[in-house]
Amino acid sequence: MDRTRWIVDEEGLRRLVHLLVGEGYVVIGPQLRQGAIVFGPIDDLDDLPRGWGDVQEAGSYALRRRDDTAWFGYTISPHSAKRYLFPERQKVGEARVDGSHVEWSPFDEERTALALFGLRPCDARAIAIQDRIFLQQKVVDSSYERRRSAALIIVAQCGEAGNTCFCSSMHTGPRASDDFDIALTEITRTDDHFFVAEQGSARGTSLIEQVASREASPAEWEVALGCTANAERTMGRRLSADTVHDLLSTSYADPHWDDVASRCLSCTNCTMVCPTCFCSGIEEVSALQPDASERWRRWSSCFECEFSHIHGCVVRPDTRSQYRQWLTHKVGTWHDQFGSSGCVGCGRCISWCPVGIDITQEVRALEESRLRLAVNSPEVER
Amino acid sequence: MHTAQVTGSDTIRVTDESLLNRAAHPLLPISATVIERCEEFAECVTLTVKAHETILSWEPGQFFMVSMPGVGEVPLSVSGWGPDDTSMQFTILAVGPVTRRLCDQPEGTTIGIRGPFGTGWPLEALSGHDVLLIAGGLGMAPLRPVVLSIIERPMSAASLTILCGARTPSSLLFGCDLGEWERTAGVSVTSVVERPCRTWQGRQGIVTDLIGEAEFSPSYTVAFICGPEEMMRTSARMLEDQGVPVDQIYLAMERNMQCGVGWCGRCQLGPLLICRDGPVVSFDRVGELLTIPRV
């Protein structure tokens with residue numbers, strides 16, 4: 001891949017949005033709505049939350065006014081690309097009953113090409129992680145494949161990390177080096193405001209060439225790298241990603257799970273905001289006519305009470321076993337199942353947990369619990 | 001006739017048109033007609049079902065997702081072959097709304113099937129070995145195709161022993177088949193029931209009582225176990241204690257299967273996705289997980 005970098009000014013970025021709309025893309029970008037910076041359809045650069053940022057901590061999210069005019073001045077939205085590539089509800093098909101005969105027919109969803117405008121590097125990596133589930137197993141999800149191959153990914157590289165971010169620990173950011181068509185690093189200076197654009201695909205290259213003003217100089221590229229270095233330095237949290245799989249595979253009986261269970265509400269917020277959580281349920285829904293029914297696939301959560309139900313009993317009936325499943329899967333057994341971590345360090349689960357449960361803190365607590373158990377073990381006492 | 005090949009990358013590429021359609025919609029059932037309905041005992045029937053389209057051939061131990069439109073879908077292991085390669089048998093116990101309706105379906109009605117999914121019993125591992133099948137409750141259903149396979153190809157195993165248990169004599173699954181296999185095919189069969197009736201001439205107890213007395217050479221034995229999880233775990237431990245290598249003991253695990261293709265995440269058991277890494281799993285992979293409550 002040709003690694004030329006380009007300078008795109010603010011007018012160039014505005015033209016890029018119009019170009020995408022003109023080419024028939026539905027551009028999904030950040031906007032200020034419902035008291036947060038969320039993602040939704042945009043048709044002009046002015047739809048972006050210019051000059052707005054966010055402050056996040058465990059169990060809290062608040063907007064803040066920046067002292068500059070950054071277009072991508074927020075840290076991370078509660079929304080990720082997940083709801084666009086893997087929608088919350090998907091109709092699978094219909095069954096028509098005619099006497100004793102039944103015929104199933106597939107539902108052909110409307111084909112839309114999406115331009116995901118302003119995804120963070122962690123979210124771009126989350127897409128690659130979900131690709132392993134829906135595209136790289138024995139059976140391919142062709143609806144996901146269609147949405148995915150039509151989607152354009154435009155990353156906004158991070159210049160500041162948030163309090164709840166830990167992408168560095170998970171090796172997913174703050175700079176994306178692949179998983180995108182275009183990546184933009186926003187440079188805001190008192191006298192200047194422009195973007196250093198990187199191309200990640202042929203589609204990305206052809207778009208940049210239409211809106212760039214010139215190639216970036218090596219000095220300008222260094223400035224761009226400096227932005228993400230700043231994000232590294234201001235990273236809010238850490239997680240020991242290299243040892244967590246082995247830790248969790250031997251922590252099933254750890255007493256710390258009781259402590260988390262006393263706080264967790266099993267509300268499923270974490271699984272909804274997580275950009276990689278993929279659990280779903282298949283439902284048969286009777287239509288109003290007696291001779292038809294529909295099959296739907298909807299997001300599900302390992303915290304739902306019937307999630308692990310089998311013939312008359314529920315395997316994980318309590319918050320303790322449910323939280324243990326979620327955390328063990330996210331940073332542990334996901335490796336065994338799909339060859340990577342399931343966590344990208346976006347920190348959403350920390351911010352959006354109503355009681356402020358912090359995944360990085362829970363892992364640390366398990367590490368400390370392990371040390372305490374080792375110190376107190378009979379072998380050591382002997 | 002279907003043409004499906006597993007490529008080097010282990011992704012199924014299908015070339016038959018109807019299979020291509022199915023491959024594009026793996027969550028959608030294909031129609032299948034109930035061509036025979038046989039009552040095994042109260043609340044338990046075996047349906048022979050013929051698919052309306054070509055399907056991939058299935059292996060003993062695999063399962064299909066079976067649908068009643070408007071009601072729901074359940075995973076069912078295949079319990080036998082039908083008259084041709086688009087038909088199969090399911091042995092169903094009525095325990096919920098879907099299985100209740102399936103058990104009530106008369107011959108000639110249409111249901112839906114998707115599959116086959118999952119791992120099968122490793123029949124290729126049986127050659128030269130003593131085969132021990134341990135079944136509890138409805139466990140004989142996924143094991144029946146194993147017995148039929150071995151009987152059809154006698155050189156595929158050195159010997160075949162079946163230990164099976166049920167609550168009552170009337171709920172002993174495939175009682176007639178068991179008798180016939182013993183009489184005509186040299187299969188050693190021992191059955192046990194928890195609550196015998198007056199005419200029951202066999203043993204009283206649970207199937208794990210039989211393991212200590214069965215005759216087999218531990219290191220040359222391959223065991224397939226199917227039944228309630230507690231029974232499978234206890235049986236496997238007993239076999240391990242008697243010297244059967246843990247990678248020669250196989251269990252048919254079960255979890256909440258919904259998609260069948262590794263997408264919905266509901267059938268997880270620790271690092272395993274039971275629809276993909278099971279249902280047949282060797283004891284060395286699952287033994288420790290079975291000691292963890294609510295995993």
# chains A, B, ... in the order shown; residues from 1 in each chain; ligands from 1

call {"tool": "interface_residues", "arguments": {"of": "chain B", "to": "chain A", "cutoff": "8 Å", "atoms": "only C-alpha atoms", "output": "PyMOL selection string"}}
result
chain B and resi 10-12+23-31+69-73+95-96+108-112+255-256+258-259+261-267+270-273+292+294-295

call {"tool": "select_by_dssp", "arguments": {"residues": "segment 133-348 of chain A", "states": "strand (DSSP E)", "output": "PyMOL selection string"}}
result
chain A and resi 152-156+182-189+192-199+214-215+280-286+292-299+309-310+313-314

call {"tool": "select_by_dssp", "arguments": {"residues": "segment 168-356 of chain A", "states": "alpha helix (DSSP H)", "output": "PyMOL selection string"}}
result
chain A and resi 168-170+202-211+218-233+241-249+256-261+269-273+319-328+334-338+348-352

call {"tool": "residues_around", "arguments": {"residues": "Arg233 of chain A", "least_positions_apart": "4", "cutoff": "12 Å", "atoms": "only C-alpha atoms", "output": "ChimeraX atom specification"}}
result
/A:158-163,165-168,174,226-229,237-238

call {"tool": "closest_residue", "arguments": {"among": "A:Ile28, A:Leu48, A:Leu16, A:Leu371", "to": "Thr69 of chain A", "atoms": "only C-alpha atoms"}}
result
A:Leu48

call {"tool": "residues_around", "arguments": {"residues": "Glu39 of chain B", "least_positions_apart": "2", "cutoff": "12 Å", "atoms": "only C-alpha atoms", "output": "list in words"}}
result
Glu36, Arg37, Phe41, Ala42, Glu43, Cys44, Val45, Thr46, Leu47, Thr48, Phe90, Thr91, Ile92, Leu93, Ala94, Cys103, Asp104, Gln105, Pro106, Ser170, Ser171, Leu173 and Phe174 of chain B

call {"tool": "atom_distance", "arguments": {"atom1": "atom CA of Asp9 of chain A", "atom2": "atom CA of Ser213 of chain A"}}
result
7.0 Å

call {"tool": "residues_around", "arguments": {"residues": "Pro279 of chain B", "least_positions_apart": "3", "cutoff": "6 Å", "atoms": "only C-alpha atoms", "output": "list in words"}}
result
Gly118, Thr119, Ala252, Met253 and Ile274 of chain B

call {"tool": "residues_around", "arguments": {"residues": "Ile42 of chain A", "least_positions_apart": "6", "cutoff": "9 Å", "atoms": "only C-alpha atoms", "output": "PDB file with N, CA, C and O atoms, in the first residue's frame"}}
result
ATOM      1  N   VAL A  17     -17.467  15.114   2.414  1.00  0.00           N
ATOM      2  CA  VAL A  17     -18.811  14.701   2.852  1.00  0.00           C
ATOM      3  C   VAL A  17     -19.790  14.798   1.685  1.00  0.00           C
ATOM      4  O   VAL A  17     -20.558  13.873   1.415  1.00  0.00           O
ATOM      5  N   VAL A  21     -21.942  11.776  -0.188  1.00  0.00           N
ATOM      6  CA  VAL A  21     -23.397  11.835  -0.353  1.00  0.00           C
ATOM      7  C   VAL A  21     -23.747  11.723  -1.833  1.00  0.00           C
ATOM      8  O   VAL A  21     -24.645  10.976  -2.233  1.00  0.00           O
ATOM      9  N   VAL A  26     -24.797   6.637   2.451  1.00  0.00           N
ATOM     10  CA  VAL A  26     -25.426   7.243   3.613  1.00  0.00           C
ATOM     11  C   VAL A  26     -24.269   7.481   4.569  1.00  0.00           C
ATOM     12  O   VAL A  26     -23.596   6.535   4.998  1.00  0.00           O
ATOM     13  N   VAL A  27     -24.000   8.768   4.844  1.00  0.00           N
ATOM     14  CA  VAL A  27     -22.840   9.096   5.671  1.00  0.00           C
ATOM     15  C   VAL A  27     -23.277   9.096   7.136  1.00  0.00           C
ATOM     16  O   VAL A  27     -24.192   9.830   7.519  1.00  0.00           O
ATOM     17  N   ILE A  28     -22.648   8.241   7.904  1.00  0.00           N
ATOM     18  CA  ILE A  28     -22.958   8.127   9.335  1.00  0.00           C
ATOM     19  C   ILE A  28     -21.840   8.822  10.090  1.00  0.00           C
ATOM     20  O   ILE A  28     -20.684   8.369  10.054  1.00  0.00           O
ATOM     21  N   GLY A  29     -22.175   9.936  10.712  1.00  0.00           N
ATOM     22  CA  GLY A  29     -21.135  10.701  11.381  1.00  0.00           C
ATOM     23  C   GLY A  29     -21.562  11.147  12.763  1.00  0.00           C
ATOM     24  O   GLY A  29     -22.714  10.966  13.174  1.00  0.00           O
ATOM     25  N   PRO A  30     -20.642  11.748  13.507  1.00  0.00           N
ATOM     26  CA  PRO A  30     -20.953  12.185  14.873  1.00  0.00           C
ATOM     27  C   PRO A  30     -21.817  13.445  14.851  1.00  0.00           C
ATOM     28  O   PRO A  30     -21.677  14.300  13.980  1.00  0.00           O
ATOM     29  N   GLN A  31     -22.696  13.541  15.832  1.00  0.00           N
ATOM     30  CA  GLN A  31     -23.551  14.719  15.968  1.00  0.00           C
ATOM     31  C   GLN A  31     -24.010  14.828  17.414  1.00  0.00           C
ATOM     32  O   GLN A  31     -23.989  13.855  18.162  1.00  0.00           O
ATOM     33  N   LEU A  48     -21.562  18.037  12.209  1.00  0.00           N
ATOM     34  CA  LEU A  48     -20.653  17.517  13.235  1.00  0.00           C
ATOM     35  C   LEU A  48     -20.665  18.404  14.483  1.00  0.00           C
ATOM     36  O   LEU A  48     -20.938  19.593  14.399  1.00  0.00           O
TER      37      LEU A  48
END

call {"tool": "residues_around", "arguments": {"residues": "Leu210 of chain B", "least_positions_apart": "2", "cutoff": "9 Å", "atoms": "only C-alpha atoms", "output": "VMD selection string"}}
result
chain B and resid 163 to 164 190 to 192 205 to 208 212 to 214

call {"tool": "write_last_selection", "arguments": {"atoms": "N, CA and C atoms", "output": "PDB file, in the first residue's frame"}}
result
ATOM      1  N   LEU B 163     -24.189 -49.746  27.618  1.00  0.00           N
ATOM      2  CA  LEU B 163     -24.752 -49.675  28.971  1.00  0.00           C
ATOM      3  C   LEU B 163     -25.799 -48.572  28.920  1.00  0.00           C
ATOM      4  N   CYS B 164     -27.055 -48.905  29.248  1.00  0.00           N
ATOM      5  CA  CYS B 164     -28.032 -47.835  29.205  1.00  0.00           C
ATOM      6  C   CYS B 164     -28.957 -47.864  30.402  1.00  0.00           C
ATOM      7  N   THR B 190     -26.387 -54.074  28.411  1.00  0.00           N
ATOM      8  CA  THR B 190     -26.885 -54.168  29.785  1.00  0.00           C
ATOM      9  C   THR B 190     -27.735 -52.934  30.064  1.00  0.00           C
ATOM     10  N   SER B 191     -28.963 -53.170  30.514  1.00  0.00           N
ATOM     11  CA  SER B 191     -29.866 -52.055  30.809  1.00  0.00           C
ATOM     12  C   SER B 191     -30.167 -52.038  32.299  1.00  0.00           C
ATOM     13  N   VAL B 192     -30.473 -50.847  32.778  1.00  0.00           N
ATOM     14  CA  VAL B 192     -30.790 -50.720  34.198  1.00  0.00           C
ATOM     15  C   VAL B 192     -31.877 -49.659  34.331  1.00  0.00           C
ATOM     16  N   GLY B 205     -31.264 -49.742  39.248  1.00  0.00           N
ATOM     17  CA  GLY B 205     -30.195 -48.823  39.646  1.00  0.00           C
ATOM     18  C   GLY B 205     -30.019 -47.749  38.598  1.00  0.00           C
ATOM     19  N   ILE B 206     -28.814 -47.160  38.592  1.00  0.00           N
ATOM     20  CA  ILE B 206     -28.511 -46.133  37.574  1.00  0.00           C
ATOM     21  C   ILE B 206     -27.335 -46.614  36.734  1.00  0.00           C
ATOM     22  N   VAL B 207     -27.191 -46.008  35.570  1.00  0.00           N
ATOM     23  CA  VAL B 207     -26.251 -46.558  34.593  1.00  0.00           C
ATOM     24  C   VAL B 207     -24.802 -46.551  35.084  1.00  0.00           C
ATOM     25  N   THR B 208     -24.462 -45.622  35.947  1.00  0.00           N
ATOM     26  CA  THR B 208     -23.074 -45.580  36.435  1.00  0.00           C
ATOM     27  C   THR B 208     -22.750 -46.792  37.312  1.00  0.00           C
ATOM     28  N   GLY B 212     -18.430 -50.190  36.665  1.00  0.00           N
ATOM     29  CA  GLY B 212     -17.406 -50.964  37.353  1.00  0.00           C
ATOM     30  C   GLY B 212     -17.385 -52.430  36.958  1.00  0.00           C
ATOM     31  N   GLU B 213     -18.534 -52.942  36.510  1.00  0.00           N
ATOM     32  CA  GLU B 213     -18.618 -54.377  36.202  1.00  0.00           C
ATOM     33  C   GLU B 213     -18.400 -54.686  34.731  1.00  0.00           C
ATOM     34  N   ALA B 214     -18.452 -53.674  33.885  1.00  0.00           N
ATOM     35  CA  ALA B 214     -18.352 -53.949  32.442  1.00  0.00           C
ATOM     36  C   ALA B 214     -16.970 -54.470  32.113  1.00  0.00           C
TER      37      ALA B 214
END

call {"tool": "atom_distance", "arguments": {"atom1": "atom CA of Ile357 of chain A", "atom2": "atom CA of Glu288 of chain B"}}
result
29.2 Å

call {"tool": "closest_residue", "arguments": {"among": "A:Leu32, A:Met170, A:Leu327, A:Ala113", "to": "Pro78 of chain A", "atoms": "only C-alpha atoms"}}
result
A:Leu32

call {"tool": "atom_distance", "arguments": {"atom1": "atom CA of Val331 of chain A", "atom2": "atom CA of Thr250 of chain A"}}
result
13.1 Å
